[in-house]
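What follows is a single structure, written as structure tokens, with notes after it.
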Amino acid sequence: MMKWTFGITTVGNNFDNLSKICDSIYSQQIPKDQYEILIIGGEHIEGINIRHIPFDESKKSRWITKKKNLIAENAKFNNLCILHDYIKFDIDWYKHFETFGDKWDVCMNSVINADGQRFRDWVTWEHWCKENYMMYLDYNNISRTSEMYVSGAYFCVKKEFLLTNPLDENLCWGQSEDVEWCSRIRNIWDYKC
């Protein structure tokens with residue numbers, strides 16, 4: 001069985017969303033000793049397998065890179081699922097990962113918006129400074145992983161990989177911190193979908 005740390009970054013008192021996210025993790029029916037939920041930032045929240053790590057938002061505004069690196073530093077398990085506080089899991093997420101396996105450094109799965117459209121899941125980043133920069137690929141297309149982008153909103157990564165290749169803490173949310181990380185690691189990663 002794959003063991004998981006679900007790392008959720010948040011800034012406020014978004015208890016309703018956090019509760020829905022945690023419920024979607026609980027619905028995976030992962031054995032209790034096989035997962036944990038780390039919530040970085042916001043107000044203290046309690047629940048099954050939840051650890052809250054306080055974060056001083058006044059040190060640096062929108063310091064999402066620090067929060068994500070803290071997830072890796074504090075995680076119990078090697079498989080990390082890092083997400084913002086507006087993402088929740090499909091009912092079969094864990095079952096499909098169990099089937100897929102854990103032979104990857106960074107991993108993506110389909111990410112679907114509430115309207116049924118794909119959200120920055122298996123995409124290339126064609127031109128770093130142009131308007132139409134992303135191209136969605138078929139989920140089976142592995143020919144362009146050295147050109148791909150992983151949205152900071154949701155991704156899976158090995159703890160050791162992120163500790164060795166941390167996000168640049170000089171950058172904050174909205175400063176293309178995920179773009180910088182991808183451009184630095186995409187020639188060395190084993191990236192799968």
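Residues in the structure tokens are numbered from 1 in each chain, the chains being A, B, ... in the order shown, and ligands are numbered from 1 in the order shown.
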
Query raised in the report: Which residues in range 20-136 of chain A does DSSP call strand (DSSP E)? List them as a PyMOL selection string.
Result: chain A and resi 35-40+50-53+79-84+106-107+123-125+134-136

Query raised in the report: Residues at most 12 Å from Gly42 in chain A, counting only C-alpha atoms, excluding those fewer than 3 positions away in the same chain, as a ChimeraX atom specification?
Result: /A:8-15,18,38-39,45,52-57,67,85

Put those residues in a file: N, CA, C and O atoms, as a compact mmCIF listing (two decimals), in the first residue's frame.
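Wrote it out as result07.txt, contents follow:
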```txt
# COMPACT_ATOMS: atom_id res chain seq x y z
N ILE A 8 -1.80 20.53 2.47
CA ILE A 8 -2.75 21.56 2.03
C ILE A 8 -2.24 22.92 2.50
O ILE A 8 -2.00 23.13 3.69
N THR A 9 -2.07 23.82 1.55
CA THR A 9 -1.66 25.19 1.89
C THR A 9 -2.90 26.07 1.96
O THR A 9 -3.79 25.97 1.12
N THR A 10 -2.94 26.92 2.97
CA THR A 10 -4.07 27.81 3.14
C THR A 10 -3.60 29.10 3.81
O THR A 10 -2.54 29.13 4.41
N VAL A 11 -4.40 30.16 3.69
CA VAL A 11 -4.06 31.43 4.32
C VAL A 11 -5.10 31.89 5.33
O VAL A 11 -4.82 32.74 6.15
N GLY A 12 -6.30 31.38 5.24
CA GLY A 12 -7.36 31.95 6.06
C GLY A 12 -8.16 30.95 6.82
O GLY A 12 -7.74 29.82 7.06
N ASN A 13 -9.35 31.37 7.18
CA ASN A 13 -10.27 30.53 7.94
C ASN A 13 -11.27 29.85 7.02
O ASN A 13 -12.47 29.97 7.19
N ASN A 14 -10.77 29.17 6.04
CA ASN A 14 -11.62 28.53 5.04
C ASN A 14 -12.04 27.13 5.52
O ASN A 14 -11.76 26.13 4.88
N PHE A 15 -12.68 27.09 6.71
CA PHE A 15 -13.02 25.81 7.32
C PHE A 15 -13.93 24.97 6.44
O PHE A 15 -13.79 23.76 6.37
N LEU A 18 -11.80 23.47 3.68
CA LEU A 18 -10.87 22.50 4.27
C LEU A 18 -11.61 21.25 4.72
O LEU A 18 -11.11 20.12 4.54
N LEU A 38 -1.44 17.29 6.37
CA LEU A 38 -0.74 18.45 6.92
C LEU A 38 -1.42 19.70 6.37
O LEU A 38 -1.54 19.85 5.16
N ILE A 39 -1.84 20.57 7.26
CA ILE A 39 -2.42 21.85 6.84
C ILE A 39 -1.44 22.93 7.27
O ILE A 39 -1.15 23.07 8.45
N ILE A 45 -6.94 23.67 12.92
CA ILE A 45 -8.07 22.80 12.59
C ILE A 45 -7.73 21.40 13.08
O ILE A 45 -6.57 20.97 13.03
N HIS A 52 -1.78 20.39 12.04
CA HIS A 52 -1.77 21.77 11.59
C HIS A 52 -0.42 22.37 11.91
O HIS A 52 0.08 22.24 13.03
N ILE A 53 0.18 23.03 10.94
CA ILE A 53 1.44 23.74 11.15
C ILE A 53 1.15 25.23 10.97
O ILE A 53 0.83 25.67 9.87
N PRO A 54 1.24 25.97 12.09
CA PRO A 54 1.00 27.42 11.99
C PRO A 54 2.01 28.08 11.06
O PRO A 54 3.13 27.61 10.90
N PHE A 55 1.58 29.17 10.45
CA PHE A 55 2.44 29.90 9.53
C PHE A 55 2.19 31.38 9.68
O PHE A 55 1.06 31.84 9.59
N ASP A 56 3.25 32.13 9.92
CA ASP A 56 3.14 33.57 10.11
C ASP A 56 3.10 34.26 8.74
O ASP A 56 4.13 34.43 8.09
N GLU A 57 1.89 34.64 8.33
CA GLU A 57 1.69 35.26 7.01
C GLU A 57 2.33 36.64 6.93
O GLU A 57 2.56 37.15 5.83
N LYS A 67 5.73 27.38 2.29
CA LYS A 67 4.72 26.44 2.79
C LYS A 67 4.89 25.06 2.15
O LYS A 67 4.83 24.04 2.85
N ASP A 85 -6.07 25.09 -1.10
CA ASP A 85 -7.27 24.82 -0.31
C ASP A 85 -8.58 24.93 -1.09
O ASP A 85 -9.64 25.17 -0.52
```

Report task. Considering only C-alpha atoms, return as an NGL selection string whatever protein or nucleic-acid residues lie within 8 Å of Ala72 in chain A, sequence-local ones (same chain, fewer than 5 positions apart) excluded. Result -> :A and (80 or 159-160 or 162-163)

Residues as selected, N, CA and C atoms, written as a PDB file, in the first residue's frame, can you do that?
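Saved to result_20.pdb:
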```pdb
ATOM      1  N   LEU A  80       4.018  12.577  -1.532  1.00  0.00           N
ATOM      2  CA  LEU A  80       3.375  13.827  -1.156  1.00  0.00           C
ATOM      3  C   LEU A  80       2.354  14.223  -2.203  1.00  0.00           C
ATOM      4  N   LYS A 159       8.889  12.959  -1.467  1.00  0.00           N
ATOM      5  CA  LYS A 159       9.447  13.804  -0.418  1.00  0.00           C
ATOM      6  C   LYS A 159      10.918  14.092  -0.666  1.00  0.00           C
ATOM      7  N   GLU A 160      11.702  13.049  -0.932  1.00  0.00           N
ATOM      8  CA  GLU A 160      13.149  13.225  -1.127  1.00  0.00           C
ATOM      9  C   GLU A 160      13.448  14.072  -2.354  1.00  0.00           C
ATOM     10  N   LEU A 162      11.560  16.534  -3.543  1.00  0.00           N
ATOM     11  CA  LEU A 162      11.286  17.933  -3.224  1.00  0.00           C
ATOM     12  C   LEU A 162      12.310  18.489  -2.232  1.00  0.00           C
ATOM     13  N   LEU A 163      12.766  17.664  -1.301  1.00  0.00           N
ATOM     14  CA  LEU A 163      13.802  18.130  -0.378  1.00  0.00           C
ATOM     15  C   LEU A 163      15.100  18.441  -1.118  1.00  0.00           C
TER      16      LEU A 163
END
```

Requested in this report: Determine, counting only C-alpha atoms, which protein, DNA and RNA residues have an atom within 10 Å of an atom of Ile142 in chain A; residues of the same chain fewer than 2 positions away are not included. Present the result as a VMD selection string.
Outcome: chain A and resid 122 137 to 140 144 to 146 148 191 to 193

Give me a file of those residues, with N, CA, C and O atoms, as an mmCIF file, in the first residue's frame.
```cif
data_model
loop_
_atom_site.group_PDB
_atom_site.id
_atom_site.type_symbol
_atom_site.label_atom_id
_atom_site.label_comp_id
_atom_site.auth_asym_id
_atom_site.auth_seq_id
_atom_site.Cartn_x
_atom_site.Cartn_y
_atom_site.Cartn_z
ATOM 1 N N TRP A 122 -1.927 17.715 -17.503
ATOM 2 C CA TRP A 122 -0.835 17.142 -18.300
ATOM 3 C C TRP A 122 -0.580 18.091 -19.461
ATOM 4 O O TRP A 122 -1.149 17.941 -20.533
ATOM 5 N N LEU A 137 -1.999 17.837 -23.369
ATOM 6 C CA LEU A 137 -1.625 16.623 -24.080
ATOM 7 C C LEU A 137 -2.557 15.488 -23.695
ATOM 8 O O LEU A 137 -3.153 15.491 -22.612
ATOM 9 N N ASP A 138 -2.641 14.513 -24.561
ATOM 10 C CA ASP A 138 -3.318 13.277 -24.215
ATOM 11 C C ASP A 138 -2.599 12.666 -23.026
ATOM 12 O O ASP A 138 -1.369 12.692 -22.951
ATOM 13 N N TYR A 139 -3.333 12.105 -22.088
ATOM 14 C CA TYR A 139 -2.731 11.575 -20.864
ATOM 15 C C TYR A 139 -1.722 10.455 -21.112
ATOM 16 O O TYR A 139 -0.876 10.185 -20.265
ATOM 17 N N ASN A 140 -1.787 9.816 -22.255
ATOM 18 C CA ASN A 140 -0.840 8.743 -22.574
ATOM 19 C C ASN A 140 0.402 9.241 -23.295
ATOM 20 O O ASN A 140 1.320 8.468 -23.551
ATOM 21 N N ARG A 144 6.922 14.402 -24.258
ATOM 22 C CA ARG A 144 7.362 15.796 -24.093
ATOM 23 C C ARG A 144 7.549 16.188 -22.624
ATOM 24 O O ARG A 144 7.402 17.342 -22.266
ATOM 25 N N THR A 145 7.914 15.247 -21.783
ATOM 26 C CA THR A 145 8.029 15.571 -20.364
ATOM 27 C C THR A 145 9.127 16.592 -20.067
ATOM 28 O O THR A 145 9.069 17.272 -19.043
ATOM 29 N N SER A 146 10.089 16.731 -20.963
ATOM 30 C CA SER A 146 11.127 17.748 -20.741
ATOM 31 C C SER A 146 10.643 19.155 -21.116
ATOM 32 O O SER A 146 11.395 20.119 -20.973
ATOM 33 N N MET A 148 7.362 20.121 -20.004
ATOM 34 C CA MET A 148 6.090 20.218 -19.305
ATOM 35 C C MET A 148 6.122 21.138 -18.094
ATOM 36 O O MET A 148 7.168 21.462 -17.555
ATOM 37 N N TYR A 191 8.774 12.114 -14.623
ATOM 38 C CA TYR A 191 7.448 12.711 -14.519
ATOM 39 C C TYR A 191 6.444 11.831 -15.242
ATOM 40 O O TYR A 191 6.629 11.500 -16.421
ATOM 41 N N LYS A 192 5.385 11.446 -14.535
ATOM 42 C CA LYS A 192 4.395 10.538 -15.102
ATOM 43 C C LYS A 192 2.988 11.043 -14.836
ATOM 44 O O LYS A 192 2.764 11.864 -13.969
ATOM 45 N N CYS A 193 2.069 10.479 -15.607
ATOM 46 C CA CYS A 193 0.648 10.812 -15.458
ATOM 47 C C CYS A 193 -0.130 9.517 -15.323
ATOM 48 O O CYS A 193 0.017 8.617 -16.120
#
```

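With CA of Ile185 in chain A on one side and CA of Leu167 in chain A on the other, the separation reads 10.1 Å.
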
Requested in this report: Give me the residues within 8 Å of Ile71 in chain A as a list of chain:residue names, counting only C-alpha atoms and dropping any in the same chain fewer than 6 places off.
Outcome: A:Gly7, A:Leu38, A:Ile40, A:Ile82

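CA of Asp121 in chain A to CA of Val150 in chain A spans 7.1 Å [interatomic distance, one decimal].
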
**Report entry** For His84 in chain A, the nearest of the candidates A:Pro31, A:Gly41, A:Gly47, A:Gly116, counting only C-alpha atoms
**Finding:** A:Gly41

Query - Residue set, range 41-145 of chain A restricted to helix (DSSP H, G or I), as a list in words - result: Ile64, Thr65, Lys66, Lys67, Lys68, Asn69, Leu70, Ile71, Ala72, Glu73, Asn74, Trp93, Tyr94, Lys95, His96, Phe97, Glu98, Thr99, Phe100 and Thr145 of chain A

Store the residues picked out above in a file with C-alpha atoms, as an mmCIF file, in the first residue's frame.
```
data_model
loop_
_atom_site.group_PDB
_atom_site.id
_atom_site.type_symbol
_atom_site.label_atom_id
_atom_site.label_comp_id
_atom_site.auth_asym_id
_atom_site.auth_seq_id
_atom_site.Cartn_x
_atom_site.Cartn_y
_atom_site.Cartn_z
ATOM 1 C CA ILE A 64 3.565 29.641 -0.938
ATOM 2 C CA THR A 65 7.033 28.264 -1.754
ATOM 3 C CA LYS A 66 7.987 28.193 1.924
ATOM 4 C CA LYS A 67 4.720 26.436 2.785
ATOM 5 C CA LYS A 68 5.264 23.719 0.181
ATOM 6 C CA ASN A 69 8.853 23.169 1.275
ATOM 7 C CA LEU A 70 7.588 22.895 4.873
ATOM 8 C CA ILE A 71 5.264 20.114 3.760
ATOM 9 C CA ALA A 72 8.259 18.083 2.549
ATOM 10 C CA GLU A 73 10.261 18.906 5.677
ATOM 11 C CA ASN A 74 7.447 17.778 7.998
ATOM 12 C CA TRP A 93 -8.225 8.859 -6.556
ATOM 13 C CA TYR A 94 -6.424 6.521 -4.130
ATOM 14 C CA LYS A 95 -7.632 3.329 -5.824
ATOM 15 C CA HIS A 96 -6.226 4.528 -9.143
ATOM 16 C CA PHE A 97 -2.878 5.498 -7.598
ATOM 17 C CA GLU A 98 -2.650 2.058 -5.982
ATOM 18 C CA THR A 99 -3.076 0.540 -9.435
ATOM 19 C CA PHE A 100 -0.705 3.000 -11.108
ATOM 20 C CA THR A 145 8.029 15.571 -20.364
#
```

**Report entry** Who sits within 12 Å of Ser183 in chain A, only C-alpha atoms, same chain under 6 positions skipped, as a PyMOL selection string
**Finding:** chain A and resi 124-128+145-150+165+167-168+176-177+189

Report task. For Phe155 in chain A, list every protein, DNA or RNA residue within 7 Å, evaluated using only C-alpha atoms, and leave out those in the same chain fewer than 3 positions away; present the list as number ranges by chain. Result -> A: 81-83, 107-108, 150, 152
